[in-house]
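S.K.: You'll find structure-v7.tsv just under this line, and it carries TSV, C-alpha atoms.
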```tsv
chain	number	residue	atom	x	y	z
F	1	MET	CA	29.53	-142.62	15.86
F	2	PRO	CA	29.53	-138.91	14.88
F	3	ILE	CA	28.98	-136.79	17.97
F	4	ASN	CA	28.40	-133.10	18.47
F	5	LYS	CA	31.40	-131.70	20.32
F	6	LYS	CA	29.55	-128.73	21.78
F	7	LEU	CA	26.22	-129.22	23.50
F	8	HIS	CA	23.95	-126.62	24.97
F	9	ILE	CA	21.95	-128.44	27.63
F	10	GLU	CA	19.00	-127.14	29.61
F	11	ALA	CA	17.72	-129.59	32.20
F	12	THR	CA	14.28	-129.16	33.76
F	13	PHE	CA	13.22	-131.20	36.77
F	14	LEU	CA	9.77	-132.45	35.81
F	15	GLY	CA	9.39	-134.26	39.11
F	16	THR	CA	11.63	-134.85	42.12
F	17	GLY	CA	9.51	-137.15	44.28
F	18	THR	CA	9.31	-140.87	44.93
F	19	SER	CA	6.84	-143.44	43.64
F	20	GLN	CA	4.13	-141.98	45.88
F	21	GLY	CA	5.04	-138.36	45.21
F	22	VAL	CA	4.93	-135.67	47.91
F	23	PRO	CA	2.55	-135.03	49.56
F	24	VAL	CA	1.79	-138.70	50.21
F	25	VAL	CA	-1.90	-139.56	50.24
F	26	ALA	CA	-3.37	-139.29	53.77
F	27	CYS	CA	-0.02	-138.32	55.36
F	28	LYS	CA	-0.07	-135.64	58.05
F	29	CYS	CA	3.70	-135.09	58.40
F	30	GLU	CA	5.09	-131.55	58.22
F	31	VAL	CA	6.54	-132.12	54.74
F	32	CYS	CA	3.26	-133.36	53.28
F	33	GLN	CA	1.37	-130.54	54.99
F	34	SER	CA	3.86	-127.87	53.88
F	35	ASN	CA	2.59	-124.89	51.89
F	36	ASP	CA	5.99	-124.44	50.21
F	37	LEU	CA	5.67	-125.32	46.50
F	38	LYS	CA	9.22	-126.71	46.65
F	39	ASP	CA	7.86	-129.45	48.90
F	40	LYS	CA	5.33	-130.54	46.23
F	41	ARG	CA	7.10	-133.31	44.34
F	42	LEU	CA	5.69	-135.18	41.37
F	43	ARG	CA	7.16	-138.52	40.33
F	44	SER	CA	10.81	-138.24	39.25
F	45	SER	CA	11.51	-137.32	35.64
F	46	LEU	CA	13.90	-135.03	33.77
F	47	LEU	CA	13.46	-132.96	30.61
F	48	LEU	CA	16.62	-132.37	28.61
F	49	THR	CA	16.62	-129.71	25.90
F	50	ILE	CA	19.78	-130.26	23.88
F	51	ASN	CA	20.55	-128.34	20.70
F	52	ASP	CA	16.82	-127.62	20.24
F	53	PHE	CA	15.73	-131.26	20.73
F	54	ASN	CA	13.66	-132.31	23.74
F	55	PHE	CA	14.31	-135.60	25.52
F	56	VAL	CA	12.59	-136.97	28.61
F	57	ILE	CA	14.11	-139.47	31.02
F	58	ASP	CA	11.25	-141.58	32.45
F	59	ALA	CA	7.54	-141.03	31.89
F	60	GLY	CA	5.65	-141.82	35.06
F	61	PRO	CA	1.99	-141.27	35.99
F	62	ASP	CA	2.49	-137.48	36.10
F	63	PHE	CA	3.87	-137.28	32.54
F	64	ARG	CA	0.82	-135.49	31.08
F	65	GLN	CA	0.75	-132.92	33.88
F	66	GLN	CA	4.49	-132.34	33.57
F	67	MET	CA	4.38	-131.83	29.79
F	68	LEU	CA	1.52	-129.34	30.14
F	69	ARG	CA	3.24	-127.45	32.95
F	70	GLU	CA	6.47	-127.03	30.98
F	71	LYS	CA	4.67	-126.43	27.66
F	72	VAL	CA	6.69	-129.13	25.88
F	73	MET	CA	5.45	-128.79	22.30
F	74	SER	CA	7.74	-131.40	20.75
F	75	LEU	CA	9.49	-134.49	22.04
F	76	ARG	CA	12.28	-136.30	20.20
F	77	SER	CA	12.66	-139.40	22.39
F	78	ILE	CA	12.01	-140.91	25.81
F	79	LEU	CA	14.78	-142.73	27.69
F	80	LEU	CA	13.79	-145.16	30.42
F	81	THR	CA	15.79	-146.13	33.47
F	82	HIS	CA	13.68	-149.16	34.40
F	83	GLU	CA	10.15	-150.56	34.29
F	84	HIS	CA	8.62	-149.59	37.63
F	85	VAL	CA	5.19	-147.96	37.53
F	86	ASP	CA	6.41	-144.51	38.58
F	87	HIS	CA	8.76	-144.45	35.57
F	88	ILE	CA	6.63	-145.78	32.68
F	89	PHE	CA	2.91	-145.43	33.39
F	90	GLY	CA	2.63	-142.11	31.55
F	91	LEU	CA	3.60	-143.59	28.19
F	92	ASP	CA	0.00	-143.74	26.98
F	93	ASP	CA	0.05	-139.94	26.86
F	94	ILE	CA	2.56	-139.83	24.02
F	95	ARG	CA	-0.47	-139.97	21.71
F	96	SER	CA	-0.59	-136.19	21.27
F	97	TYR	CA	3.04	-136.17	20.13
F	98	ASN	CA	2.30	-139.04	17.73
F	99	TRP	CA	-0.49	-136.97	16.19
F	100	ILE	CA	1.41	-133.67	16.02
F	101	GLN	CA	4.77	-135.10	14.93
F	102	LYS	CA	3.24	-137.73	12.60
F	103	ASN	CA	5.54	-140.52	13.80
F	104	PRO	CA	5.91	-143.15	16.51
F	105	MET	CA	7.68	-142.07	19.69
F	106	GLU	CA	11.16	-143.53	20.08
F	107	ILE	CA	11.40	-145.24	23.47
F	108	TYR	CA	14.94	-146.18	24.55
F	109	ALA	CA	15.07	-149.07	27.02
F	110	GLU	CA	16.91	-152.29	27.72
F	111	GLU	CA	15.38	-155.60	26.61
F	112	ARG	CA	13.83	-156.49	29.98
F	113	VAL	CA	12.11	-153.11	30.17
F	114	GLN	CA	10.84	-153.47	26.60
F	115	THR	CA	9.28	-156.81	27.57
F	116	ALA	CA	7.45	-155.10	30.43
F	117	ILE	CA	6.22	-152.33	28.12
F	118	LYS	CA	4.88	-154.87	25.64
F	119	ARG	CA	3.03	-156.63	28.46
F	120	ILE	CA	1.60	-153.52	30.15
F	121	PHE	CA	0.80	-151.66	26.93
F	122	ASN	CA	-0.15	-154.81	25.01
F	123	TYR	CA	-2.77	-152.92	22.99
F	124	VAL	CA	0.00	-150.85	21.39
F	125	PHE	CA	1.62	-153.98	19.97
F	126	ALA	CA	-1.53	-156.04	19.25
F	127	GLU	CA	-2.17	-157.29	15.74
F	128	PHE	CA	-5.44	-155.34	15.68
F	129	LYS	CA	-4.69	-151.78	16.66
F	130	TYR	CA	-7.60	-149.76	17.98
F	131	PRO	CA	-7.76	-146.25	16.43
F	132	GLY	CA	-6.03	-143.56	18.48
F	133	ILE	CA	-3.71	-145.79	20.51
F	134	PRO	CA	-0.13	-144.65	21.19
F	135	LYS	CA	2.55	-145.46	18.66
F	136	MET	CA	5.93	-146.53	20.01
F	137	HIS	CA	9.18	-147.53	18.38
F	138	LEU	CA	11.31	-149.41	20.90
F	139	GLU	CA	15.07	-148.85	20.70
F	140	ASP	CA	17.63	-151.05	22.48
F	141	VAL	CA	19.78	-149.75	25.30
F	142	THR	CA	22.85	-151.79	26.27
F	143	ASP	CA	26.01	-150.88	28.17
F	144	ASN	CA	27.32	-149.17	25.03
F	145	PRO	CA	26.95	-145.45	24.27
F	146	PHE	CA	24.43	-144.52	21.58
F	147	ALA	CA	23.61	-141.37	19.63
F	148	ILE	CA	20.37	-139.57	18.90
F	149	GLU	CA	20.66	-136.62	16.50
F	150	ASN	CA	24.46	-136.81	16.90
F	151	ILE	CA	24.06	-136.43	20.67
F	152	LYS	CA	25.94	-139.05	22.65
F	153	PHE	CA	24.18	-140.77	25.56
F	154	VAL	CA	26.22	-142.99	27.88
F	155	PRO	CA	24.24	-145.60	29.86
F	156	ILE	CA	25.43	-146.06	33.45
F	157	ARG	CA	24.62	-149.47	34.92
F	158	CYS	CA	23.31	-149.15	38.46
F	159	TRP	CA	21.54	-151.43	40.91
F	160	HIS	CA	18.11	-150.85	42.47
F	161	HIS	CA	18.60	-153.51	45.15
F	162	LYS	CA	18.68	-156.62	42.90
F	163	LEU	CA	17.17	-154.92	39.84
F	164	PRO	CA	19.61	-153.61	37.20
F	165	VAL	CA	18.68	-150.11	36.06
F	166	TYR	CA	20.29	-147.49	33.86
F	167	GLY	CA	21.32	-143.94	34.55
F	168	TYR	CA	22.44	-141.69	31.68
F	169	ARG	CA	25.26	-139.28	31.04
F	170	VAL	CA	25.08	-136.71	28.26
F	171	GLY	CA	27.90	-134.23	27.94
F	172	ASP	CA	28.77	-132.95	31.41
F	173	LEU	CA	25.47	-133.98	33.00
F	174	THR	CA	24.68	-137.33	34.63
F	175	TYR	CA	21.25	-138.48	35.84
F	176	ILE	CA	20.98	-141.35	38.32
F	177	THR	CA	17.73	-142.44	39.96
F	178	ASP	CA	16.36	-145.45	41.86
F	179	THR	CA	19.78	-146.74	42.81
F	180	ASN	CA	21.60	-147.90	45.91
F	181	PHE	CA	24.79	-149.31	44.36
F	182	ILE	CA	27.08	-148.34	41.46
F	183	GLU	CA	30.14	-150.45	40.63
F	184	ASP	CA	33.52	-148.72	40.41
F	185	LYS	CA	33.80	-149.31	36.66
F	186	GLU	CA	30.49	-147.51	36.16
F	187	LEU	CA	31.54	-144.68	38.45
F	188	GLU	CA	34.48	-144.14	36.07
F	189	LYS	CA	31.95	-143.24	33.34
F	190	ILE	CA	30.58	-140.48	35.55
F	191	LYS	CA	33.87	-138.88	36.52
F	192	GLY	CA	34.38	-135.46	34.96
F	193	THR	CA	30.67	-134.74	35.18
F	194	LYS	CA	29.99	-131.11	36.08
F	195	ILE	CA	26.37	-131.70	37.06
F	196	LEU	CA	25.34	-134.84	38.95
F	197	ILE	CA	21.65	-135.49	39.54
F	198	ILE	CA	21.18	-138.40	41.92
F	199	ASN	CA	18.45	-140.08	43.93
F	200	CYS	CA	18.38	-139.43	47.67
F	201	LEU	CA	15.39	-141.04	49.31
F	202	ARG	CA	15.94	-140.18	52.96
F	203	LYS	CA	18.58	-139.81	55.66
F	204	GLU	CA	18.22	-143.38	56.96
F	205	LYS	CA	19.67	-146.30	55.01
F	206	HIS	CA	17.25	-147.94	52.55
F	207	LEU	CA	17.11	-151.29	50.78
F	208	SER	CA	17.07	-149.97	47.22
F	209	HIS	CA	17.78	-146.21	47.22
F	210	PHE	CA	20.72	-144.07	48.24
F	211	SER	CA	20.51	-142.39	51.63
F	212	LEU	CA	21.96	-138.93	52.16
F	213	ASP	CA	25.22	-140.28	53.62
F	214	GLU	CA	25.62	-142.62	50.64
F	215	VAL	CA	25.08	-139.73	48.23
F	216	LEU	CA	27.77	-137.73	50.03
F	217	GLU	CA	30.13	-140.67	49.61
F	218	ILE	CA	29.43	-140.85	45.86
F	219	VAL	CA	29.95	-137.10	45.53
F	220	SER	CA	33.32	-137.39	47.29
F	221	LYS	CA	34.40	-139.93	44.67
F	222	ILE	CA	33.02	-138.18	41.58
F	223	LYS	CA	33.68	-134.58	42.64
F	224	PRO	CA	31.14	-132.88	40.35
F	225	GLU	CA	30.92	-129.10	40.37
F	226	LYS	CA	27.33	-129.31	41.59
F	227	THR	CA	25.03	-132.11	42.75
F	228	TYR	CA	21.23	-132.02	42.76
F	229	LEU	CA	19.16	-134.44	44.83
F	230	THR	CA	16.06	-136.01	43.31
F	231	HIS	CA	13.65	-138.88	44.01
F	232	MET	CA	13.24	-137.47	47.51
F	233	SER	CA	10.64	-138.83	49.91
F	234	HIS	CA	8.83	-136.90	52.60
F	235	ALA	CA	11.20	-138.60	55.06
F	236	LEU	CA	14.12	-136.52	53.78
F	237	GLY	CA	12.60	-133.32	55.12
F	238	LYS	CA	11.40	-129.90	54.01
F	239	TYR	CA	13.23	-127.97	51.30
F	240	GLU	CA	13.89	-124.96	53.55
F	241	ASP	CA	15.57	-127.20	56.13
F	242	LEU	CA	17.58	-129.23	53.61
F	243	ILE	CA	19.02	-126.16	51.90
F	244	LYS	CA	20.49	-125.07	55.25
F	245	GLU	CA	21.90	-128.49	56.14
F	246	LEU	CA	23.62	-129.40	52.87
F	247	PRO	CA	27.04	-128.25	51.58
F	248	GLU	CA	26.93	-125.35	49.11
F	249	ASN	CA	27.63	-127.60	46.12
F	250	ILE	CA	24.83	-130.07	46.97
F	251	LEU	CA	21.27	-128.87	46.51
F	252	PRO	CA	17.83	-130.42	46.81
F	253	ALA	CA	16.15	-130.08	43.44
F	254	TYR	CA	12.50	-129.07	43.16
F	255	ASP	CA	9.85	-129.47	40.49
F	256	GLY	CA	10.28	-126.91	37.71
F	257	LEU	CA	13.91	-126.09	38.54
F	258	LYS	CA	15.95	-125.37	35.38
F	259	ILE	CA	19.70	-125.57	35.05
F	260	GLU	CA	21.93	-124.84	32.05
F	261	LEU	CA	25.39	-125.94	31.00
```
For the file at hand, write its structure as structure tokens.
M.R.:
Amino acid sequence: MPINKKLHIEATFLGTGTSQGVPVVACKCEVCQSNDLKDKRLRSSLLLTINDFNFVIDAGPDFRQQMLREKVMSLRSILLTHEHVDHIFGLDDIRSYNWIQKNPMEIYAEERVQTAIKRIFNYVFAEFKYPGIPKMHLEDVTDNPFAIENIKFVPIRCWHHKLPVYGYRVGDLTYITDTNFIEDKELEKIKGTKILIINCLRKEKHLSHFSLDEVLEIVSKIKPEKTYLTHMSHALGKYEDLIKELPENILPAYDGLKIEL
């Protein structure tokens, strides 16, 4: 597999919230009522601009809004972590890219996730295709690294309670979301990462997501140069409070934040 040795990566946080986003509908807590834009969190997703190609990890219900906000004029591929609504329900909005780029959108996902996509977006794969529907080309993700445009992506197997999900490493950046357990052999794939982006739902322990203490434990094992928290619920707290509480090398991300490496 030919791989580019030098990568210029710009990562943009499209969304840093949970499945409900922040603010949560009808919630009166101080986070949901905050006027700080850094406390407004769309559903979690990441834009990677690598050597002039744009990739998105997960396309949830806010996908259209996120693409418009960041003025993403071209999109090479979408990589999916798993099949939950907040990670795939924006896929219908790839239609504009189909039209502009004159090709189906490559969607990278494991077999189980592909099955869910075919069920939910059955009209895309129907024998009779209604004019104007999205066009998708499903690509297999397994435990093995794969390349897109000579860019190497390394899948990281993680566990979302009992559901297997994938995180991804590209170059010196690793993105992990919707996870509460990573086996040691998968942690080995992450070691050496300079930038770790990882889900941190709240401070209290949770059934299927890392808590803050669990994130700190992972960071102590991986030792990245910098860690960014994502998939944060309103229960984690306000941005201005978190930034004071966390170590200097661990930061709460916020929607629209850009980092380069």
S.K.: Please identify all polymer residues lying at most 12 Å from the point (17.5, -135.7, 33.3) (file coordinates), using all atoms listed in the file, and present the result as a PyMOL selection string.
M.R.: chain F and resi 9-16+44-50+54-59+78-81+153+167-177+195-199+228-231+253+257-260
S.K.: Select, from F:Asn98, F:Thr193, F:Gln20, F:Asn51, the residue with the minimum atom-to-atom distance to Cys32 of chain F, counting all atoms listed in the file.
M.R.: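 Counting all atoms listed in the file, the residue closest to Cys32 of chain F is F:Gln20.
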S.K.: Excluding segment 189-191 of chain F and residues on its chain fewer than 5 positions from it, collect all residues at most 8 Å away from it, counting only C-alpha atoms, and give them as JSON, numbers by chain.
M.R.: {"F": [154, 156, 169, 174, 222, 223, 224]}
S.K.: Using Å and a single decimal, report how far atom CA of Asn103 of chain F sits from atom CA of Ile133 of chain F.
M.R.: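 So the answer is 12.6 Å.
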S.K.: Around all listed atoms of segment 96-102 of chain F, padded 4 Å per side, what centre and edge lengths does the axis-aligned box have in Å to one decimal, as JSON?
M.R.:
```
{"center_x": 2.1, "center_y": -136.4, "center_z": 16.9, "size_x": 13.4, "size_y": 13.4, "size_z": 16.7}
```
S.K.: Would you mind telling me which residue in F:Arg112, F:Lys71, F:Phe89, F:Arg95 lies nearest to Pro131 of chain F when using all atoms listed in the file?
M.R.: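 Closest residue, counting all atoms listed in the file: F:Arg95.
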S.K.: Which is closer to Glu217 of chain F than all the others in F:Ala26, F:Val85, F:Met105, F:Ile182, using all atoms listed in the file?
M.R.: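 Ranked by minimum distance to Glu217 of chain F, first place goes to F:Ile182.
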S.K.: Quick one, how far is atom CA of Arg157 of chain F from atom CA of Glu186 of chain F?
M.R.: 6.3 Å
S.K.: My list of candidates is F:Ser233, F:Thr115, F:Pro145, F:Lys135. Which is closest to Gln101 of chain F when distances are computed with only C-alpha atoms?
M.R.: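 For Gln101 of chain F, the nearest of the given residues is F:Lys135.
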S.K.: What's the separation between atom CA of Lys162 of chain F and atom CA of Ser208 of chain F, in Å to one decimal place?
M.R.: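 The value is 8.1 Å.
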S.K.: Ranking F:Leu246, F:Ala109, F:Leu68, F:Val25 by minimum distance to Thr227 of chain F and counting only C-alpha atoms, which one comes first?
M.R.: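 Checking each candidate against Thr227 of chain F, we get F:Leu246 as the closest.
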S.K.: Given all atoms listed in the file as the basis, pick out the residue of F:Ile100, F:Glu225, F:Met232, F:Glu188 nearest to Ser19 of chain F.
M.R.: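 Nearest to Ser19 of chain F: F:Met232.
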S.K.: If we count all atoms listed in the file, what is near Pro247 of chain F at a cut-off of 10 Å, once residues fewer than 4 positions away on the same chain are taken out, given as a ChimeraX atom specification?
M.R.: /F:216,227,242-243,251
S.K.: List as a list of chain:residue names the protein and nucleic acid residues near Arg202 of chain F, meaning an atom at most 6 Å away when only C-alpha atoms are counted, but skip any in the same chain fewer than 4 places from it.
M.R.: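 Returned residues: F:Ser211, F:Ala235, F:Leu236.
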S.K.: Generate the output file for the selected residues, C-alpha atoms, as a short mmCIF file (atom, residue, chain, number, x, y, z; two decimals), in the coordinates of the input.
M.R.:
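Written output follows (out-v2.cif):
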```
data_model
loop_
_atom_site.label_atom_id
_atom_site.label_comp_id
_atom_site.auth_asym_id
_atom_site.auth_seq_id
_atom_site.Cartn_x
_atom_site.Cartn_y
_atom_site.Cartn_z
CA SER F 211 20.51 -142.39 51.63
CA ALA F 235 11.20 -138.60 55.06
CA LEU F 236 14.12 -136.52 53.78
#
```
S.K.: Write out as a PyMOL selection string which residues come within 10 Å of Lys40 of chain F when counting all atoms listed in the file, dropping same-chain ones fewer than 6 positions away.
M.R.: chain F and resi 15-17+21-24+31-34+234+238-239+254-255
